[in-house]
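Source file: run24.tsv (TSV, C-alpha atoms and all ligand atoms)
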```
chain	number	residue	atom	x	y	z
N	5	MET	CA	77.95	111.32	96.98
N	6	LEU	CA	77.94	109.09	93.97
N	7	LEU	CA	76.11	105.97	92.83
N	8	VAL	CA	77.24	104.11	89.71
N	9	ALA	CA	75.93	100.84	88.28
N	10	SER	CA	75.84	98.62	85.25
N	11	ALA	CA	72.82	99.42	83.03
N	12	ASN	CA	70.63	96.74	84.61
N	13	GLY	CA	71.15	98.50	87.96
N	14	GLN	CA	68.63	101.18	86.95
N	15	VAL	CA	65.85	99.47	88.90
N	16	GLY	CA	67.89	99.98	92.10
N	17	MET	CA	69.11	103.54	91.62
N	18	GLU	CA	66.21	105.32	93.36
N	19	ALA	CA	66.49	103.09	96.42
N	20	GLY	CA	70.28	103.38	96.55
N	21	TRP	CA	70.25	107.15	96.18
N	22	ALA	CA	67.58	107.46	98.87
N	23	VAL	CA	69.96	105.76	101.30
N	24	LEU	CA	72.83	108.08	100.41
N	25	SER	CA	70.75	111.25	100.45
N	26	ARG	CA	69.43	110.60	103.96
N	27	GLY	CA	73.00	110.19	105.22
N	28	GLY	CA	73.26	106.41	104.94
N	29	THR	CA	76.41	104.47	104.24
N	30	ALA	CA	77.81	103.45	100.87
N	31	LEU	CA	77.58	99.85	102.04
N	32	ASP	CA	73.84	100.16	102.71
N	33	ALA	CA	73.33	101.94	99.39
N	34	VAL	CA	75.01	99.26	97.27
N	35	GLU	CA	73.19	96.50	99.13
N	36	VAL	CA	69.76	98.12	98.77
N	37	ALA	CA	70.29	98.89	95.08
N	38	THR	CA	71.46	95.35	94.39
N	39	ARG	CA	68.49	93.81	96.21
N	40	ALA	CA	66.14	95.62	93.83
N	41	VAL	CA	67.93	94.08	90.86
N	42	GLU	CA	67.82	90.64	92.48
N	43	ASP	CA	64.02	91.03	92.65
N	44	ASN	CA	63.64	92.10	89.01
N	45	LEU	CA	62.05	89.11	87.29
N	46	GLU	CA	62.78	90.62	83.87
N	47	ASP	CA	66.51	90.36	84.51
N	48	HIS	CA	67.65	86.85	83.61
N	49	THR	CA	71.19	87.40	84.84
N	50	VAL	CA	70.63	88.25	88.50
N	51	GLY	CA	68.58	86.85	91.39
N	52	THR	CA	65.05	85.53	90.97
N	53	GLY	CA	64.37	85.04	87.28
N	54	GLY	CA	68.05	84.32	86.57
N	55	TYR	CA	68.77	81.55	84.10
N	56	PRO	CA	69.67	78.21	85.70
N	57	ASN	CA	72.70	75.96	85.33
N	58	LEU	CA	72.97	73.03	82.97
N	59	LEU	CA	70.71	70.90	85.16
N	60	GLY	CA	68.00	73.56	85.43
N	61	VAL	CA	68.94	74.75	88.93
N	62	VAL	CA	69.48	78.47	89.62
N	63	GLU	CA	72.77	79.05	91.45
N	64	LEU	CA	73.55	82.62	92.52
N	65	ASP	CA	76.86	84.36	93.29
N	66	ALA	CA	77.32	87.70	95.06
N	67	SER	CA	79.94	89.77	96.83
N	68	LEU	CA	80.35	93.12	98.50
N	69	MET	CA	83.30	95.08	99.84
N	70	ASP	CA	83.64	97.93	102.30
N	71	GLY	CA	86.28	100.44	101.23
N	72	ALA	CA	86.86	101.85	104.72
N	73	THR	CA	87.96	98.53	106.23
N	74	ARG	CA	88.57	96.41	103.11
N	75	ARG	CA	86.35	93.83	104.73
N	76	ALA	CA	84.52	91.71	102.20
N	77	GLY	CA	81.85	89.04	102.05
N	78	ALA	CA	80.85	86.70	99.26
N	79	VAL	CA	78.66	83.71	98.49
N	80	GLY	CA	78.76	81.31	95.57
N	81	ALA	CA	76.46	78.72	94.00
N	82	VAL	CA	73.68	79.57	96.46
N	83	GLN	CA	70.27	78.04	95.90
N	84	GLY	CA	66.89	79.26	97.13
N	85	VAL	CA	67.99	82.55	98.74
N	86	ARG	CA	66.13	85.66	97.62
N	87	HIS	CA	68.90	88.18	98.31
N	88	PRO	CA	72.38	86.71	97.96
N	89	ILE	CA	73.91	90.17	98.35
N	90	SER	CA	72.54	90.34	101.91
N	91	LEU	CA	73.88	86.86	102.57
N	92	ALA	CA	77.28	88.06	101.34
N	93	ARG	CA	77.03	90.93	103.80
N	94	ALA	CA	76.22	88.46	106.57
N	95	VAL	CA	79.35	86.48	105.71
N	96	MET	CA	81.33	89.70	106.08
N	97	GLU	CA	79.70	90.83	109.30
N	98	ARG	CA	78.80	87.60	111.08
N	99	LEU	CA	81.51	85.09	110.17
N	100	PRO	CA	85.32	85.19	110.30
N	101	HIS	CA	85.27	84.30	106.59
N	102	VAL	CA	85.10	86.03	103.23
N	103	LEU	CA	83.58	83.39	100.92
N	104	VAL	CA	80.99	80.70	101.69
N	105	VAL	CA	79.49	78.52	98.96
N	106	GLY	CA	76.78	75.97	98.23
N	107	GLU	CA	75.09	74.17	101.11
N	108	GLY	CA	77.04	76.13	103.70
N	109	ALA	CA	75.71	79.37	102.27
N	110	SER	CA	72.13	78.06	102.35
N	111	ARG	CA	72.69	76.91	105.92
N	112	LEU	CA	73.87	80.38	106.92
N	113	ALA	CA	70.84	81.96	105.25
N	114	ALA	CA	68.55	79.61	107.18
N	115	GLU	CA	70.35	80.23	110.49
N	116	LEU	CA	69.89	83.96	110.02
N	117	GLY	CA	66.31	83.63	108.86
N	118	LEU	CA	66.98	85.28	105.50
N	119	GLU	CA	64.15	85.08	103.00
N	120	THR	CA	63.97	82.07	100.75
N	121	ALA	CA	62.55	82.19	97.21
N	122	GLU	CA	61.76	79.97	94.26
N	123	LEU	CA	64.44	81.42	92.01
N	124	LEU	CA	63.45	79.56	88.86
N	125	THR	CA	60.63	81.47	87.19
N	126	PRO	CA	58.40	79.83	84.56
N	127	GLU	CA	60.01	82.01	81.88
N	128	ALA	CA	63.56	81.02	82.82
N	129	ALA	CA	62.51	77.37	83.07
N	130	ALA	CA	61.02	77.57	79.57
N	131	ALA	CA	64.24	79.09	78.19
N	132	TRP	CA	66.22	76.28	79.82
N	133	ARG	CA	63.89	73.63	78.40
N	134	ALA	CA	64.20	75.14	74.93
N	135	GLY	CA	67.97	75.52	75.08
N	136	VAL	CA	69.20	72.58	77.09
N	137	GLU	CA	66.84	69.97	78.45
N	138	GLY	CA	66.40	67.87	75.34
N	139	ARG	CA	70.16	67.74	74.90
N	140	ILE	CA	70.86	66.06	78.22
N	141	ASP	CA	70.81	62.30	78.09
N	142	ALA	CA	69.10	61.51	81.38
N	143	GLY	CA	70.55	58.00	81.35
N	144	HIS	CA	74.14	59.16	81.20
N	145	PRO	CA	74.16	62.85	82.12
N	146	HIS	CA	77.70	62.74	83.47
N	147	HIS	CA	79.04	61.65	80.07
N	148	ARG	CA	77.37	64.47	78.22
N	149	LEU	CA	77.71	67.50	80.42
N	150	LEU	CA	81.24	68.42	79.51
N	151	ARG	CA	80.52	68.47	75.80
N	152	LEU	CA	77.30	70.39	76.32
N	153	VAL	CA	79.02	73.14	78.28
N	154	ALA	CA	81.59	73.44	75.52
N	155	ASP	CA	78.80	73.98	72.98
N	156	LEU	CA	76.64	76.24	75.07
N	157	VAL	CA	79.27	78.80	76.00
N	158	ARG	CA	79.15	79.85	72.38
N	159	ASP	CA	75.65	81.19	72.98
N	160	PRO	CA	76.27	84.93	73.56
N	161	GLU	CA	72.69	85.74	74.54
N	162	HIS	CA	73.01	83.55	77.58
N	163	VAL	CA	76.51	84.35	78.73
N	164	ALA	CA	76.41	88.05	79.60
N	165	GLY	CA	74.77	89.67	82.61
N	166	THR	CA	75.39	90.50	86.29
N	167	VAL	CA	74.84	93.72	88.21
N	168	ASN	CA	77.62	95.97	89.51
N	169	VAL	CA	76.92	98.80	91.98
N	170	LEU	CA	79.54	101.23	93.35
N	171	ALA	CA	78.89	104.07	95.79
N	172	GLN	CA	80.53	106.88	97.69
N	173	ASP	CA	78.63	108.20	100.69
N	174	GLY	CA	78.53	111.66	102.25
N	175	ARG	CA	81.50	110.83	104.48
N	176	GLY	CA	83.59	109.85	101.49
N	177	HIS	CA	83.53	106.11	102.14
N	178	LEU	CA	83.25	103.69	99.24
N	179	ALA	CA	81.53	100.34	98.77
N	180	SER	CA	81.01	97.90	95.92
N	181	ALA	CA	78.51	95.11	95.24
N	182	VAL	CA	78.12	92.45	92.55
N	183	SER	CA	75.34	89.91	92.12
N	184	THR	CA	74.70	87.37	89.36
N	185	SER	CA	73.18	84.10	88.30
N	186	GLY	CA	76.34	83.67	86.25
N	187	TRP	CA	76.39	82.10	82.84
N	188	ALA	CA	73.16	80.48	81.84
N	189	TRP	CA	73.60	76.71	81.46
N	190	LYS	CA	76.92	76.80	83.35
N	191	TYR	CA	78.41	73.61	84.73
N	192	PRO	CA	76.88	72.97	88.18
N	193	GLY	CA	79.04	74.54	90.88
N	194	ARG	CA	80.82	76.85	88.48
N	195	LEU	CA	81.81	80.17	90.07
N	196	GLY	CA	82.61	83.18	87.95
N	197	ASP	CA	84.37	86.38	88.92
N	198	SER	CA	81.41	87.90	90.74
N	199	PRO	CA	81.95	86.25	94.15
N	200	LEU	CA	85.74	86.49	93.95
N	201	ILE	CA	87.20	89.56	95.62
N	202	GLY	CA	89.87	90.97	93.35
N	203	ALA	CA	88.41	89.40	90.21
N	204	GLY	CA	84.88	90.82	89.77
N	205	ASN	CA	84.82	93.20	92.73
N	206	TYR	CA	87.30	95.35	94.64
N	207	CYS	CA	87.04	98.45	96.80
N	208	ASP	CA	89.52	100.51	98.79
N	209	ASP	CA	88.79	103.96	100.26
N	210	ARG	CA	92.40	104.95	99.61
N	211	ALA	CA	91.98	104.63	95.84
N	212	GLY	CA	88.55	103.70	94.49
N	213	ALA	CA	86.32	100.81	93.54
N	214	ALA	CA	85.79	98.64	90.48
N	215	ALA	CA	83.53	95.80	89.39
N	216	CYS	CA	83.18	93.65	86.29
N	217	THR	CA	80.63	91.97	84.10
N	218	GLY	CA	81.36	89.74	81.15
N	219	TRP	CA	83.48	86.65	80.74
N	220	GLY	CA	84.13	85.80	84.39
N	221	GLU	CA	86.92	83.37	83.68
N	222	LEU	CA	88.88	86.23	82.10
N	223	ALA	CA	88.37	88.58	85.04
N	224	ILE	CA	89.51	85.81	87.38
N	225	ARG	CA	92.70	85.17	85.45
N	226	GLY	CA	93.41	88.89	85.02
N	227	ALA	CA	92.45	89.86	88.61
N	228	THR	CA	90.64	92.63	86.79
N	229	ALA	CA	88.87	94.57	89.56
N	230	ARG	CA	92.03	94.60	91.70
N	231	THR	CA	94.13	95.64	88.71
N	232	VAL	CA	91.82	98.60	88.08
N	233	VAL	CA	91.91	99.74	91.71
N	234	ALA	CA	95.70	99.38	91.72
N	235	GLY	CA	95.70	101.70	88.70
N	236	LEU	CA	93.58	104.21	90.61
N	237	ALA	CA	96.04	103.97	93.51
N	238	ASP	CA	98.82	104.79	91.06
N	239	GLY	CA	96.97	107.99	90.21
N	240	LEU	CA	95.32	106.96	86.95
N	241	ALA	CA	91.94	108.46	86.06
N	242	PRO	CA	89.09	105.87	86.21
N	243	ARG	CA	88.93	105.56	82.41
N	244	ASP	CA	92.69	104.88	82.20
N	245	ALA	CA	92.68	102.50	85.16
N	246	LEU	CA	89.91	100.53	83.45
N	247	ALA	CA	91.91	100.45	80.23
N	248	ARG	CA	94.84	99.03	82.19
N	249	GLY	CA	92.55	96.32	83.54
N	250	ILE	CA	91.50	95.38	80.00
N	251	ALA	CA	95.11	95.56	78.74
N	252	GLU	CA	96.09	93.00	81.41
N	253	LEU	CA	93.87	90.48	79.61
N	254	ALA	CA	96.18	90.48	76.59
N	255	GLY	CA	96.89	87.02	75.31
N	256	LEU	CA	94.33	85.22	77.47
N	257	ASP	CA	92.50	82.67	75.37
N	258	VAL	CA	88.95	81.53	76.10
N	259	PRO	CA	87.66	78.13	75.02
N	260	GLY	CA	84.87	78.60	72.47
N	261	GLY	CA	82.85	81.84	72.41
N	262	GLU	CA	83.71	85.46	71.99
N	263	PRO	CA	85.63	86.91	74.95
N	264	MET	CA	83.94	89.98	76.36
N	265	MET	CA	84.70	92.21	79.34
N	266	GLN	CA	83.01	95.20	80.89
N	267	ALA	CA	83.97	97.12	84.01
N	268	ILE	CA	82.99	100.23	85.93
N	269	ALA	CA	85.09	102.28	88.33
N	270	ILE	CA	84.90	105.21	90.70
N	271	ASP	CA	87.75	107.03	92.41
N	272	ARG	CA	87.91	108.65	95.83
N	273	ALA	CA	87.55	112.12	94.28
N	274	GLY	CA	84.15	111.31	92.78
N	275	GLY	CA	85.34	110.43	89.28
N	276	HIS	CA	83.67	107.60	87.39
N	277	ALA	CA	83.98	105.69	84.13
N	278	ALA	CA	82.87	102.50	82.44
N	279	VAL	CA	84.34	100.48	79.61
N	280	SER	CA	83.30	97.61	77.43
N	281	THR	CA	85.30	95.60	74.94
N	282	GLN	CA	82.22	95.68	72.67
N	283	PRO	CA	80.34	98.78	71.42
N	284	GLY	CA	76.77	99.62	72.34
N	285	SER	CA	76.52	99.31	76.11
N	286	ASP	CA	75.74	101.81	78.83
N	287	TYR	CA	76.13	102.39	82.54
N	288	VAL	CA	74.19	104.53	84.99
N	289	VAL	CA	75.34	107.34	87.25
N	290	TRP	CA	73.71	109.47	89.93
N	291	ALA	CA	75.88	112.27	91.31
N	292	ASP	CA	75.36	115.13	93.76
N	293	GLY	CA	73.08	117.85	92.45
N	294	TRP	CA	71.40	115.63	89.84
N	295	ASP	CA	67.66	115.12	90.13
N	296	GLY	CA	67.84	111.58	88.80
N	297	TYR	CA	70.24	109.06	87.37
N	298	ARG	CA	71.69	109.37	83.89
N	299	VAL	CA	72.36	106.61	81.41
N	300	LEU	CA	75.79	107.16	79.86
N	301	PRO	CA	77.62	105.27	77.12
N	302	ARG	CA	80.57	103.09	78.07
N	303	ALA	CA	83.90	103.83	76.42
N	304	VAL	CA	84.93	101.05	74.06
N	305	VAL	CA	88.30	99.50	74.86
N	306	PRO	CA	88.88	96.45	72.67
N	307	LEU	CA	90.61	93.43	74.11
N	308	PRO	CA	94.24	93.43	73.05
N	309	GLY	CA	94.93	90.86	70.36
I	1	LIG	N1	80.78	87.80	84.99
I	1	LIG	C1	79.66	86.92	85.14
I	1	LIG	C2	80.11	85.52	85.32
I	1	LIG	O1	81.11	85.14	84.71
I	1	LIG	C3	78.71	86.96	84.00
I	1	LIG	C4	78.52	88.28	83.37
I	1	LIG	O2	78.83	89.30	83.95
I	1	LIG	O3	78.05	88.34	82.24
I	1	LIG	O4	79.45	84.79	86.03
```

I'd like the structure from this file rewritten - as structure tokens, please.
Ligand code: ASP
Amino acid sequence: MLLVASANGQVGMEAGWAVLSRGGTALDAVEVATRAVEDNLEDHTVGTGGYPNLLGVVELDASLMDGATRRAGAVGAVQGVRHPISLARAVMERLPHVLVVGEGASRLAAELGLETAELLTPEAAAAWRAGVEGRIDAGHPHHRLLRLVADLVRDPEHVAGTVNVLAQDGRGHLASAVSTSGWAWKYPGRLGDSPLIGAGNYCDDRAGAAACTGWGELAIRGATARTVVAGLADGLAPRDALARGIAELAGLDVPGGEPMMQAIAIDRAGGHAAVSTQPGSDYVVWADGWDGYRVLPRAVVPLPG
């Protein structure tokens, strides 16, 4: 058994490991761990407490994938739902679809009786007011939004975030989950890589699983999670498969800002690794025989020039 997450997944590791250690599925473990992060008000990149979009509205994205069946579910730009990861699971299990966004996603949550929540906390609202509100011309917001987004994406403190959780259960099955509030101050309706299977999330029992955080537009264009899992299928070790995923981003420009990518991976043999294009970040791992999770440094793999 194995449970691996981005560093902000620490708040969900106990709950996720409890599922695995009582014989539960990888899919249940990644969902439970992710729900705990979605409830962490201190985390301004995921769930309740996440920073809002340019208009001050919190829009959440989430996805999960089952390695045994390669079934997947995802939701994007969801408002007012406490646990978007569970809504993503409902898309996978209850609808003949993979991705449902916006009002349709809220409708599904209501039909299923999923918990609603006020996602915008006073702290996140205050950060939005300080960073954005005064810069929107209420009389002509549609004229100003484009330019504002162009300026605001240069704000590194408010771009990075998202939780990734990968698991292997006692039967050897794999699952992956991603949940995010996306970029703070994003253009309304913007989806990043997190709800896009193949971009921010991919899982296949035959090879392994991978998930991304960082500049979502890069992971979309590089199909990063799928590229990493394809590397695992080719027999690469997780660290090398991740490096291949980063290498695939060579030559991709980003408007404004500093491009940044992070990814984690596990393979079917219980191997794990994490990389970041920038130094100084960690990931968390809980493996069989350990009495708790460990915080480990990510390998640094710079973006190719
Ligand atoms: N990848 C996320 C997004 O683009 C943000 C992040 O992970 O920092 O929405």

Would you name the residues within 10 Å of ligand LIG 1 (chain I), counting only C-alpha atoms and all ligand atoms, and put them as a ChimeraX atom specification? /N:10,49-50,64-66,160-168,182-188,190,194-199,203-204,215-224,264-267

Find the residues around stretch 20-22 of chain N up to 8 Å (only C-alpha atoms counted), leave out those fewer than 3 positions away in its own chain, and share them as a PyMOL selection string. chain N and resi 7+16-17+25-26+32-37+290

Name the residues in contact with N:Val79 at a cut-off of 12 Å, using only C-alpha atoms, excluding same-chain residues fewer than 6 positions from it; report them as a PyMOL selection string. chain N and resi 63-68+85+87-96+101-113+181-185+193+195-201

What would the file look like if the residues just selected were written as a CSV table (one decimal), keeping the file's coordinate frame with C-alpha atoms?
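Final output, saved to again_5.csv:
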```
chain,number,residue,atom,x,y,z
N,63,GLU,CA,72.8,79.0,91.4
N,64,LEU,CA,73.6,82.6,92.5
N,65,ASP,CA,76.9,84.4,93.3
N,66,ALA,CA,77.3,87.7,95.1
N,67,SER,CA,79.9,89.8,96.8
N,68,LEU,CA,80.4,93.1,98.5
N,85,VAL,CA,68.0,82.6,98.7
N,87,HIS,CA,68.9,88.2,98.3
N,88,PRO,CA,72.4,86.7,98.0
N,89,ILE,CA,73.9,90.2,98.4
N,90,SER,CA,72.5,90.3,101.9
N,91,LEU,CA,73.9,86.9,102.6
N,92,ALA,CA,77.3,88.1,101.3
N,93,ARG,CA,77.0,90.9,103.8
N,94,ALA,CA,76.2,88.5,106.6
N,95,VAL,CA,79.4,86.5,105.7
N,96,MET,CA,81.3,89.7,106.1
N,101,HIS,CA,85.3,84.3,106.6
N,102,VAL,CA,85.1,86.0,103.2
N,103,LEU,CA,83.6,83.4,100.9
N,104,VAL,CA,81.0,80.7,101.7
N,105,VAL,CA,79.5,78.5,99.0
N,106,GLY,CA,76.8,76.0,98.2
N,107,GLU,CA,75.1,74.2,101.1
N,108,GLY,CA,77.0,76.1,103.7
N,109,ALA,CA,75.7,79.4,102.3
N,110,SER,CA,72.1,78.1,102.4
N,111,ARG,CA,72.7,76.9,105.9
N,112,LEU,CA,73.9,80.4,106.9
N,113,ALA,CA,70.8,82.0,105.2
N,181,ALA,CA,78.5,95.1,95.2
N,182,VAL,CA,78.1,92.4,92.6
N,183,SER,CA,75.3,89.9,92.1
N,184,THR,CA,74.7,87.4,89.4
N,185,SER,CA,73.2,84.1,88.3
N,193,GLY,CA,79.0,74.5,90.9
N,195,LEU,CA,81.8,80.2,90.1
N,196,GLY,CA,82.6,83.2,88.0
N,197,ASP,CA,84.4,86.4,88.9
N,198,SER,CA,81.4,87.9,90.7
N,199,PRO,CA,82.0,86.2,94.2
N,200,LEU,CA,85.7,86.5,94.0
N,201,ILE,CA,87.2,89.6,95.6
```

Every residue with an atom at most 12 Å from (96.4, 96.8, 88.1) (file coordinates; all atoms listed in the file) is what I'm after, so could you write them as a PyMOL selection string? chain N and resi 202-203+206+211+214+223+226-240+242+244-253

For the residues in that selection, give me C-alpha atoms as an mmCIF file, in the coordinates of the input.
```cif
data_model
loop_
_atom_site.group_PDB
_atom_site.id
_atom_site.type_symbol
_atom_site.label_atom_id
_atom_site.label_comp_id
_atom_site.auth_asym_id
_atom_site.auth_seq_id
_atom_site.Cartn_x
_atom_site.Cartn_y
_atom_site.Cartn_z
ATOM 1 C CA GLY N 202 89.870 90.970 93.350
ATOM 2 C CA ALA N 203 88.410 89.400 90.210
ATOM 3 C CA TYR N 206 87.300 95.350 94.640
ATOM 4 C CA ALA N 211 91.980 104.630 95.840
ATOM 5 C CA ALA N 214 85.790 98.640 90.480
ATOM 6 C CA ALA N 223 88.370 88.580 85.040
ATOM 7 C CA GLY N 226 93.410 88.890 85.020
ATOM 8 C CA ALA N 227 92.450 89.860 88.610
ATOM 9 C CA THR N 228 90.640 92.630 86.790
ATOM 10 C CA ALA N 229 88.870 94.570 89.560
ATOM 11 C CA ARG N 230 92.030 94.600 91.700
ATOM 12 C CA THR N 231 94.130 95.640 88.710
ATOM 13 C CA VAL N 232 91.820 98.600 88.080
ATOM 14 C CA VAL N 233 91.910 99.740 91.710
ATOM 15 C CA ALA N 234 95.700 99.380 91.720
ATOM 16 C CA GLY N 235 95.700 101.700 88.700
ATOM 17 C CA LEU N 236 93.580 104.210 90.610
ATOM 18 C CA ALA N 237 96.040 103.970 93.510
ATOM 19 C CA ASP N 238 98.820 104.790 91.060
ATOM 20 C CA GLY N 239 96.970 107.990 90.210
ATOM 21 C CA LEU N 240 95.320 106.960 86.950
ATOM 22 C CA PRO N 242 89.090 105.870 86.210
ATOM 23 C CA ASP N 244 92.690 104.880 82.200
ATOM 24 C CA ALA N 245 92.680 102.500 85.160
ATOM 25 C CA LEU N 246 89.910 100.530 83.450
ATOM 26 C CA ALA N 247 91.910 100.450 80.230
ATOM 27 C CA ARG N 248 94.840 99.030 82.190
ATOM 28 C CA GLY N 249 92.550 96.320 83.540
ATOM 29 C CA ILE N 250 91.500 95.380 80.000
ATOM 30 C CA ALA N 251 95.110 95.560 78.740
ATOM 31 C CA GLU N 252 96.090 93.000 81.410
ATOM 32 C CA LEU N 253 93.870 90.480 79.610
#
```

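Rounded to one decimal, atom CA of N:Glu42 and atom CA of N:Ala121 lie 11.0 Å from each other.
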
For N:Ala130, which residue out of N:Arg302, N:Gln14, N:Glu262, N:Gly54 is the nearest one, using all atoms listed in the file?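 Closest residue, counting all atoms listed in the file: N:Gly54.
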
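Our summary of the geometry notes that atom CA of N:Val153 is positioned 19.9 Å from atom CA of N:Leu124.
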
Which residues are near N:Leu178? Cut-off 6 Å, all atoms listed in the file, ignore same chain within fewer than 2 positions. Put them as JSON, numbers by chain. {"N": [30, 71, 171, 172, 209]}

Go through N:Ala131, N:Ala9, N:Val62, N:Leu24 and flag the residue nearest N:Arg175, using all atoms listed in the file for the distances. N:Leu24

Nearest to N:Val61 among N:Ala76, N:Ala11, N:Leu123, N:Val258, with distances taken over all atoms listed in the file: which residue is it?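 So, comparing all the options, the nearest one is N:Leu123.
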
Can you work out which one of N:Asp70, N:Gly212, N:Thr38, N:Ala128 has the shortest atom-to-atom distance to N:Pro56, counting only C-alpha atoms? N:Ala128

Minimum-distance residue to N:Glu119, chosen among N:Arg86, N:Pro192, N:Trp132, N:Asp286 (using all atoms listed in the file): N:Arg86

Rounded to one decimal in Å, what is the spacing between atom CA of N:Gly296 and atom CA of N:Arg39?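 These atoms are spaced 19.3 Å apart.
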